[in-house]
Every structure is written in structure tokens, then in C-alpha cells.
Protein chains: 2
Amino acid sequence: MKDKLRINKIGGNIIDSPPLLTKFLADFNQVEGKKILVHGGGKIATDFASQMGIEAKMVEGRRITDDPTLDIVTMVYAGLINKRIIAQLQAVGCNAIGLSGADGNSIRAIKRPVQTIDYGWVGDLLNDSVNTDTLSTFLENGLTPVFSAITHDGNGQLFNTNADTIASCIAIALSDSYSVSLLYCFEKKGVLKDINDEQSLVHEIREEDFIPLQEEGVVAGGMIPKLHNAFDAINRGVKEVLIGQASDLTLLDENRFGTRIMK
Amino acid sequence: MKDKLRINKIGGNIIDSPPLLTKFLADFNQVEGKKILVHGGGKIATDFASQMGIEAKMVEGRRITDDPTLDIVTMVYAGLINKRIIAQLQAVGCNAIGLSGADGNSIRAIKRPVQTIDYGWVGDLLNDSVNTDTLSTFLENGLTPVFSAITHDGNGQLFNTNADTIASCIAIALSDSYSVSLLYCFEKKGVLKDINDEQSLVHEIREEDFIPLQEEGVVAGGMIPKLHNAFDAINRGVKEVLIGQASDLTLLDENRFGTRIMK
């Protein structure tokens with residue numbers, strides 16, 4: 001029997017709200033057994049960048065990670081946000097350790113290939129990106145890894161990386177050794193049939209439902225790559241994948257949390 | 001026989017110079033066996049603070065770590081500088097892991113007690129501040145810890161902490177398990193009889209020489225607390241303590257590096 005492992009990704013809506021973050025971290029600490037947290041950035045980085053007069057560089061509507069932007073996200077994600085989370089987790093008794101992908105060479109990425117747009121210092125993950133040996137060492141020694149969305153290429157370059165993708169890649173890579181539950185916490189209760197109606201929660205979603213929902217416009221925007229990551233995870237060995245709201249995590253045991261991703 | 005452990009502290013003169021830093025990290029990687037790096041801050045934090053319009057808060061000539069200053073040093077030391085160093089060490093083949101004192105609860109501090117001045121969020125270390133179990137786990141698993149000078153109190157508060165003191169406290173704490181060499185690298189060749197003459201290097205210094213040297217003004221400024229940390233280390237179990245210049249590290253084997261602290 002494989003040990004259980006919970007991997008939880010949280011986004012900007014929690015990171016930007018100190019009360020929501022404190023509540024989430026207390027709940028996360030209550031999760032028994034092995035666990036990993038992955039956090040995104042939130043708007044703190046954008047606020048700092050504008051305070052410093054660094055304007056967001058956009059090409060064809062997409063945000064580009066140039067040199068000053070990489071410095072800002074490295075400082076804010078891997079420094080300020082990550083260390084605040086670690087200090088808070090330690091305060092509630094969780095022996096957390098903050099990591100970027102460079103630390104212990106835990107996540108190695110490649111620069112996103114230039115097709116029509118050069119995204120700058122954005123890292124893409126490959127099938128062998130996650131260093132499972134290092135992560136297992138931490139988990140087996142009672143440590144709870146907390147990842148910021150910064151990775152490296154092994155040649156000295158840091159990258160800004162999608163936190164949803166980091167979470168699914170870690171989940172897939174550790175599925176050989178652990179029975180992994182992957183939870184995405186974001187600002188909605190889950191996939192909604194009507195984005196303005198929290199009662200319209202889709203309780204289960206299969207990949208074959210995804211294309212029609214996308215065509216109907218039910219699934220749109222940032223939800224599309226999130227679901228791609230989620231289906232990728234469930235199809236590649238992750239035991240369960242759920243998308244929902246952090247405040248609903250208590251409903252998990254009753255199987256009433258968010259949208260369950262089905263094989 | 002205890003395993004050897006090298007603990008090396010580097011200061012702002014190296015961190016602020018990309019070529020010196022690259023050279024130092026390549027040399028550090030060549031050190032065989034177990035090792036730990038501790039880095040200070042350099043002037044990057046000051047530059048960022050002034051770019052963001054945060055003025056250094058001084059009381060009676062001493063710098064105070066208020067809330068915005070703590071955020072800046074956490075971002076710059078534990079984020080930007082630490083992760084750049086980790087990525088560079090990984091690039092030369094050193095399996096480094098970046099840590100603040102909060103990570104793995106590795107260094108716990110207390111807020112510096114207010115006597116005449118309230119230094120704000122400055123942490124002082126105690127005899128039991130260093131978590132030797134966690135550090136040994138990293139070292140025994142082939143990881144090289146790299147510490148920024150940020151600690152925590154275990155109750156969610158981060159602290160700005162003196163990097164020289166962190167280095168000596170780690171060295172003392174790990175001396176039960178390892179044969180520790182503690183190296184302080186700073187901008188001079190070592191303790192100099194004449195601060196303007198690099199040829200006037202004091203090759204060995206004993207604690208009884210320290211008071212007269214201080215009275216004569218030979219040892220002054222930032223060198224005084226550095227030497228206090230160094231004597232503390234040599235008197236409490238650290239096998240050897242040296243103070244010198246990073247570019248002279250190659251002279252270590254010939255016993256011609258810097259000033260040796262004697263018992």
C-alpha cells in the first residue's frame with residue numbers, strides 16, 4: 001500500500017487575503033500524513049513592480065517575463081510570500097520547508113520555446129522535470145515542501161513558471177511512490193455551468209465533457225489550462241484530482257468538495 | 001572520527017560583484033565533503049528600498065528593521081540573492097538548497113530585547129537556536145544548505161539577523177557531530193595591523209591580544225562583532241576559525257589564508 005500524499009495548490013485569491021491565508025494554512029496543517037503546498041503569486045508582485053516603476057511588458061496581450069520582472073517574481077514569490085507562509089506554517093506546528101525548483105534541483109525546466117511570442121524567462125516543464133528523490137527525502141523526514149512557482153534550467157537561469165503546472169507535474173511524478181490527491185484551490189466553488197451562479201457546480205467532469213463545455217463557453221479563460229493540467233494528472237497516475245474553493249476543504253471527507261476530475 | 005564540515009560566510013563585497021560571486025561559488029563547489037554557505041545582504045536591498053521610496057530608519061545612528069524594511073530584506077536576501085546563488089551552485093554541480101531559519105525550523109531566534117534602542121524585527125540567537133537534526137538530514141543526504149540571514153521566532157514572525165552570528169551559531173551547534181572549519185570571507189585579507197596596508201596581516205590572533213588591539217584602534221568598526229563571533233566559535237568547539245578574503249581561499253591548504261583565530 002502506498003502512503004497517501006496530499007498536494008494542494010493555492011492561488012492569488014488566498015495569498016492576497018491574510019485572513020483567508022491564515023485559515024487555509026491552519027486547515028492545511030490539519031491534513032494528516034504527507035503533504036506538499038504549491039502557491040502562485042497573487043497581486044503583490046504586480047504592486048511591487050508598479051511601486052518600482054517596472055511596467056508589465058505585454059506582447060499580443062500576453063505578459064512577458066523580462067529581466068526586471070524575473071527579479072521581482074523571484075523576490076516576491078520565492079522570498080516574501082514563500083517565507084511568510086513557512087513562518088505561519090511553523091507557527092501552527094507544520095514543519096514546512098520553502099523551495100524553488102532550484103533548491104535541491106527539485107524542479108528543472110526549459111525556457112518556453114519561441115513560436116509566435118517570446119515569453120522571456122518563462123519555464124516549461126518536461127516529463128522528467130521533478131526530482132522525486134529529493135522530494136521523497138523531504139517527505140520521509142517529516143518535512144512539508146512548500147513550492148513557489150520559480151524553477152531553474154540547471155545552468156544558472158531562473159524561470160517564472162505556471163504554478164498549476166508545477167502542482168500537476170509534482171503530483172504525476174510522485175504517483176509511482178505515493179497515492180496522490182491533487183487539489184486546486186481557486187476563487188470559485190469549482191467548474192460552474194453558469195459562472196455567476198455558485199449553485200451550478202459541476203460535481204464531476206470527464207475529458208469528453210470538456211470539449212463541449214469549452215465550445216459552449218461554460219469553461220473559459222484561466223479555467224482551460226487549469227483543467228488541462230487536471231486531466232493530465234488524472235490520466236497519468238494521480239489518484240484523485242479536485243478543483244474548488246479553499247473554504248470548502250472541510251467538505252472533502254463528505255465528498256462534497258468542488259469538481260472531481262474523472263478519468 | 002568526525003566528518004569534516006566547512007562553513008563559509010560571505011559578505012556584501014562578494015554578493016554585490018557578479019564576477020567575484022561566480023568565482024567564489026566555483027571555488028566553494030571544489031571544497032570536498034560537507035559544506036554550508038551563509039550569505040549576508042549587500043547593497044541590493046538598500047538599492048531596492050530606495051527605488052521603492054522606503055527610507056532607512058535610523059535611531060541613534062543604528063539601522064532599524066521596521067515592517068517595510070523586513071519585507072525588503074526577506075524578498076532580497078531569502079528570495080533574489082539566495083535563489084540566484086542556488087541556481088549558480090546547481091549550474092556548477094553543487095546540490096545546494098536555499099534556506100531561511102524558518103525553513104525546516106532550522107534557526108529560531110528571539111526579537112532583540114529593547115534596552116536603549118528598539119531595533120525592530122532583528123533576531124538574536126540563543127544557544128539552542130540551531131536545529132541540528134534538520135541540518136544533519138540535509139548534509140547526510142548530499143545537500144549543501146545555503147542560508148540567507150532571515151530567521152523566525154516559531155510564532156510566525158520573521159527576523160533580520162546578523163549573518164556572521166548565524167555562521168558562528170551553526171558552526172558551534174554542529175561541532176558535536178562534525179569537525180567544523182568556519183571561514184569568514186570579507187573585503188580585507190584578514191585582521192590588519194594597519195588597515196591601509198594589506199601586507200600588515202595578523203596571521204594569528206588570540207582573545208588576549210584582542211583587547212589591546214581594540215584599545216589601539218587596530219581592530220575597529222564591523223571587525224569587532226565579527227571577532228567576537230569568531231572567538232565564540234573557537235571557544236565553543238569549532239575546530240578552526242579563519243577570517244580573510246575570498247580570493248585567497250586557494251591559500252588555505254598552505255595555511256596562508258587570512259587570520260587564524262586561536263584558542
# chains A, B, ... in the order shown; residues from 1 in each chain; ligands from 1
>>> closest_atom_pairs(of="range 102-141 of chain A", to="range 51-59 of chain A", cutoff="12 Å", atoms="only C-alpha atoms", output="JSON lines")
{"residue": "A:Thr116", "atom": "CA", "partner": "A:Val59", "partner_atom": "CA", "distance": 10.0}
{"residue": "A:Ile117", "atom": "CA", "partner": "A:Val59", "partner_atom": "CA", "distance": 7.2}
{"residue": "A:Asp118", "atom": "CA", "partner": "A:Val59", "partner_atom": "CA", "distance": 8.4}
{"residue": "A:Tyr119", "atom": "CA", "partner": "A:Val59", "partner_atom": "CA", "distance": 8.3}
{"residue": "A:Gly120", "atom": "CA", "partner": "A:Lys57", "partner_atom": "CA", "distance": 10.1}
>>> interface_residues(of="chain B", to="chain A", cutoff="7 Å", atoms="only C-alpha atoms", output="number ranges by chain")
B: 51-52, 71, 74-76, 78-80, 86-88, 90-91, 95-98, 102-105, 143, 152, 154-158
>>> select_by_dssp(residues="range 151-221 of chain B", states="strand (DSSP E)", output="list in words")
Thr151, His152, Leu158, Phe159, Asn160, Tyr178, Ser179, Val180, Ser181, Leu182, Leu183, Tyr184, Cys185, Glu204, Ile205 and Arg206 of chain B
>>> closest_residue(among="B:Val180, B:Ile243, B:Ala45, B:Val218", to="Asn160 in chain B", atoms="only C-alpha atoms")
B:Ala45
>>> atom_distance(atom1="CA of Met262 in chain B", atom2="CA of Val31 in chain B")
23.0 Å
>>> select_by_dssp(residues="range 10-167 of chain B", states="alpha helix (DSSP H)", output="PyMOL selection string")
chain B and resi 12-15+18-30+44-51+67-73+82-91+132-140+163-167
>>> residues_around(residues="Ile170 in chain A", least_positions_apart="2", cutoff="10 Å", atoms="only C-alpha atoms", output="mmCIF file with all heavy atoms, in the first residue's frame")
data_model
loop_
_atom_site.group_PDB
_atom_site.id
_atom_site.type_symbol
_atom_site.label_atom_id
_atom_site.label_comp_id
_atom_site.auth_asym_id
_atom_site.auth_seq_id
_atom_site.Cartn_x
_atom_site.Cartn_y
_atom_site.Cartn_z
ATOM 1 N N ILE A 7 -1.375 16.959 -2.347
ATOM 2 C CA ILE A 7 -0.714 18.110 -2.976
ATOM 3 C C ILE A 7 -1.764 19.180 -3.204
ATOM 4 O O ILE A 7 -2.776 18.942 -3.862
ATOM 5 C CB ILE A 7 -0.035 17.711 -4.302
ATOM 6 C CG1 ILE A 7 1.036 16.634 -4.020
ATOM 7 C CG2 ILE A 7 0.587 18.937 -4.985
ATOM 8 C CD1 ILE A 7 1.756 16.120 -5.238
ATOM 9 N N ILE A 36 2.208 18.453 0.376
ATOM 10 C CA ILE A 36 3.025 19.455 -0.338
ATOM 11 C C ILE A 36 2.102 20.612 -0.700
ATOM 12 O O ILE A 36 0.959 20.390 -1.110
ATOM 13 C CB ILE A 36 3.634 18.854 -1.629
ATOM 14 C CG1 ILE A 36 4.657 17.760 -1.292
ATOM 15 C CG2 ILE A 36 4.280 19.944 -2.497
ATOM 16 C CD1 ILE A 36 5.228 17.027 -2.509
ATOM 17 N N VAL A 38 1.752 24.127 -3.087
ATOM 18 C CA VAL A 38 2.292 24.911 -4.207
ATOM 19 C C VAL A 38 1.511 26.221 -4.238
ATOM 20 O O VAL A 38 0.268 26.191 -4.211
ATOM 21 C CB VAL A 38 2.103 24.167 -5.554
ATOM 22 C CG1 VAL A 38 2.651 25.005 -6.703
ATOM 23 C CG2 VAL A 38 2.763 22.794 -5.522
ATOM 24 N N SER A 106 15.135 20.553 -7.370
ATOM 25 C CA SER A 106 13.879 19.805 -7.265
ATOM 26 C C SER A 106 12.995 19.901 -8.506
ATOM 27 O O SER A 106 12.293 18.955 -8.826
ATOM 28 C CB SER A 106 13.121 20.209 -5.997
ATOM 29 O OG SER A 106 13.021 21.597 -5.893
ATOM 30 N N ILE A 107 13.024 21.044 -9.215
ATOM 31 C CA ILE A 107 12.255 21.133 -10.474
ATOM 32 C C ILE A 107 13.088 21.871 -11.526
ATOM 33 O O ILE A 107 13.380 23.059 -11.394
ATOM 34 C CB ILE A 107 10.918 21.881 -10.300
ATOM 35 C CG1 ILE A 107 10.117 21.307 -9.127
ATOM 36 C CG2 ILE A 107 10.089 21.794 -11.594
ATOM 37 C CD1 ILE A 107 8.843 22.084 -8.836
ATOM 38 N N SER A 129 11.056 16.565 -15.243
ATOM 39 C CA SER A 129 11.437 17.814 -14.556
ATOM 40 C C SER A 129 11.551 17.680 -13.043
ATOM 41 O O SER A 129 12.329 18.374 -12.408
ATOM 42 C CB SER A 129 10.420 18.922 -14.866
ATOM 43 O OG SER A 129 10.670 19.476 -16.138
ATOM 44 N N VAL A 130 10.709 16.821 -12.460
ATOM 45 C CA VAL A 130 10.630 16.767 -10.991
ATOM 46 C C VAL A 130 11.615 15.739 -10.435
ATOM 47 O O VAL A 130 11.646 14.586 -10.882
ATOM 48 C CB VAL A 130 9.183 16.435 -10.544
ATOM 49 C CG1 VAL A 130 9.110 16.275 -9.031
ATOM 50 C CG2 VAL A 130 8.231 17.526 -11.018
ATOM 51 N N ASN A 131 12.413 16.164 -9.475
ATOM 52 C CA ASN A 131 13.411 15.331 -8.815
ATOM 53 C C ASN A 131 12.725 14.592 -7.658
ATOM 54 O O ASN A 131 12.637 15.089 -6.540
ATOM 55 C CB ASN A 131 14.515 16.251 -8.301
ATOM 56 C CG ASN A 131 15.685 15.507 -7.727
ATOM 57 O OD1 ASN A 131 15.549 14.391 -7.256
ATOM 58 N ND2 ASN A 131 16.846 16.141 -7.762
ATOM 59 N N THR A 132 12.225 13.398 -7.962
ATOM 60 C CA THR A 132 11.421 12.668 -6.966
ATOM 61 C C THR A 132 12.277 12.215 -5.779
ATOM 62 O O THR A 132 11.765 12.117 -4.663
ATOM 63 C CB THR A 132 10.728 11.453 -7.613
ATOM 64 O OG1 THR A 132 11.713 10.679 -8.299
ATOM 65 C CG2 THR A 132 9.675 11.905 -8.614
ATOM 66 N N LEU A 135 12.450 15.142 -3.309
ATOM 67 C CA LEU A 135 11.158 15.362 -2.660
ATOM 68 C C LEU A 135 10.831 14.236 -1.680
ATOM 69 O O LEU A 135 10.331 14.483 -0.578
ATOM 70 C CB LEU A 135 10.052 15.516 -3.706
ATOM 71 C CG LEU A 135 10.099 16.839 -4.470
ATOM 72 C CD1 LEU A 135 8.895 16.981 -5.389
ATOM 73 C CD2 LEU A 135 10.124 18.006 -3.488
ATOM 74 N N THR A 165 0.742 24.084 -13.272
ATOM 75 C CA THR A 165 1.519 23.046 -13.965
ATOM 76 C C THR A 165 2.531 22.411 -13.017
ATOM 77 O O THR A 165 2.737 21.194 -13.045
ATOM 78 C CB THR A 165 2.239 23.658 -15.188
ATOM 79 O OG1 THR A 165 1.283 24.382 -15.961
ATOM 80 C CG2 THR A 165 2.872 22.595 -16.050
ATOM 81 N N ILE A 166 3.150 23.227 -12.168
ATOM 82 C CA ILE A 166 4.078 22.677 -11.168
ATOM 83 C C ILE A 166 3.355 21.660 -10.297
ATOM 84 O O ILE A 166 3.841 20.547 -10.076
ATOM 85 C CB ILE A 166 4.688 23.815 -10.309
ATOM 86 C CG1 ILE A 166 5.702 24.599 -11.141
ATOM 87 C CG2 ILE A 166 5.334 23.261 -9.036
ATOM 88 C CD1 ILE A 166 6.376 25.745 -10.404
ATOM 89 N N ALA A 167 2.152 22.026 -9.842
ATOM 90 C CA ALA A 167 1.398 21.122 -8.960
ATOM 91 C C ALA A 167 1.091 19.804 -9.676
ATOM 92 O O ALA A 167 1.285 18.720 -9.105
ATOM 93 C CB ALA A 167 0.112 21.799 -8.488
ATOM 94 N N SER A 168 0.627 19.863 -10.930
ATOM 95 C CA SER A 168 0.275 18.607 -11.613
ATOM 96 C C SER A 168 1.529 17.790 -11.921
ATOM 97 O O SER A 168 1.511 16.561 -11.790
ATOM 98 C CB SER A 168 -0.560 18.863 -12.871
ATOM 99 O OG SER A 168 0.197 19.496 -13.861
ATOM 100 N N ILE A 172 2.080 13.991 -10.643
ATOM 101 C CA ILE A 172 2.313 12.867 -11.571
ATOM 102 C C ILE A 172 3.615 12.155 -11.206
ATOM 103 O O ILE A 172 3.656 10.930 -11.098
ATOM 104 C CB ILE A 172 2.358 13.385 -13.032
ATOM 105 C CG1 ILE A 172 0.972 13.889 -13.455
ATOM 106 C CG2 ILE A 172 2.857 12.299 -13.983
ATOM 107 C CD1 ILE A 172 0.975 14.762 -14.716
ATOM 108 N N ALA A 173 4.671 12.938 -10.985
ATOM 109 C CA ALA A 173 5.992 12.345 -10.724
ATOM 110 C C ALA A 173 5.995 11.526 -9.436
ATOM 111 O O ALA A 173 6.666 10.494 -9.359
ATOM 112 C CB ALA A 173 7.056 13.441 -10.652
ATOM 113 N N LEU A 174 5.237 11.943 -8.433
ATOM 114 C CA LEU A 174 5.253 11.238 -7.146
ATOM 115 C C LEU A 174 4.210 10.117 -7.076
ATOM 116 O O LEU A 174 4.125 9.414 -6.074
ATOM 117 C CB LEU A 174 5.073 12.232 -5.991
ATOM 118 C CG LEU A 174 6.282 13.150 -5.758
ATOM 119 C CD1 LEU A 174 5.967 14.188 -4.682
ATOM 120 C CD2 LEU A 174 7.522 12.345 -5.346
ATOM 121 N N SER A 175 3.423 9.952 -8.149
ATOM 122 C CA SER A 175 2.377 8.923 -8.139
ATOM 123 C C SER A 175 2.924 7.508 -8.163
ATOM 124 O O SER A 175 2.236 6.573 -7.753
ATOM 125 C CB SER A 175 1.426 9.118 -9.323
ATOM 126 O OG SER A 175 0.583 10.213 -9.059
ATOM 127 N N VAL A 180 -1.577 9.777 -4.568
ATOM 128 C CA VAL A 180 -1.617 11.243 -4.547
ATOM 129 C C VAL A 180 -3.012 11.812 -4.774
ATOM 130 O O VAL A 180 -3.706 11.430 -5.727
ATOM 131 C CB VAL A 180 -0.657 11.827 -5.619
ATOM 132 C CG1 VAL A 180 -0.722 13.359 -5.614
ATOM 133 C CG2 VAL A 180 0.773 11.354 -5.407
ATOM 134 N N LEU A 182 -4.584 15.456 -5.628
ATOM 135 C CA LEU A 182 -4.190 16.794 -6.086
ATOM 136 C C LEU A 182 -5.388 17.722 -5.988
ATOM 137 O O LEU A 182 -6.438 17.456 -6.580
ATOM 138 C CB LEU A 182 -3.688 16.709 -7.533
ATOM 139 C CG LEU A 182 -3.414 18.028 -8.265
ATOM 140 C CD1 LEU A 182 -2.330 18.838 -7.579
ATOM 141 C CD2 LEU A 182 -3.016 17.757 -9.729
ATOM 142 N N ALA A 233 -3.048 15.158 -15.030
ATOM 143 C CA ALA A 233 -2.718 14.490 -13.769
ATOM 144 C C ALA A 233 -3.518 13.192 -13.611
ATOM 145 O O ALA A 233 -2.955 12.133 -13.319
ATOM 146 C CB ALA A 233 -2.968 15.435 -12.595
ATOM 147 N N VAL A 238 -2.255 10.019 -11.093
ATOM 148 C CA VAL A 238 -2.660 10.673 -9.846
ATOM 149 C C VAL A 238 -4.010 10.092 -9.423
ATOM 150 O O VAL A 238 -4.909 9.920 -10.247
ATOM 151 C CB VAL A 238 -2.751 12.207 -10.025
ATOM 152 C CG1 VAL A 238 -3.192 12.892 -8.736
ATOM 153 C CG2 VAL A 238 -1.392 12.752 -10.476
#
>>> residues_around(residues="Arg260 in chain B", least_positions_apart="5", cutoff="12 Å", atoms="only C-alpha atoms", output="list in words")
Ser181, Leu182, Leu183, Tyr184, Lys189, Gly190, Val191, Leu201, Val202, His203, Glu204, Ile205, Arg206, Glu207, Leu227, Ala230, Phe231, Ile234, Lys239, Glu240, Val241, Leu242, Ile243, Gly244, Leu252 and Asn255 of chain B
>>> closest_residue(among="A:Gly61, A:Asn127, A:Ile110, A:Ala220", to="Leu192 in chain A", atoms="only C-alpha atoms")
A:Ala220
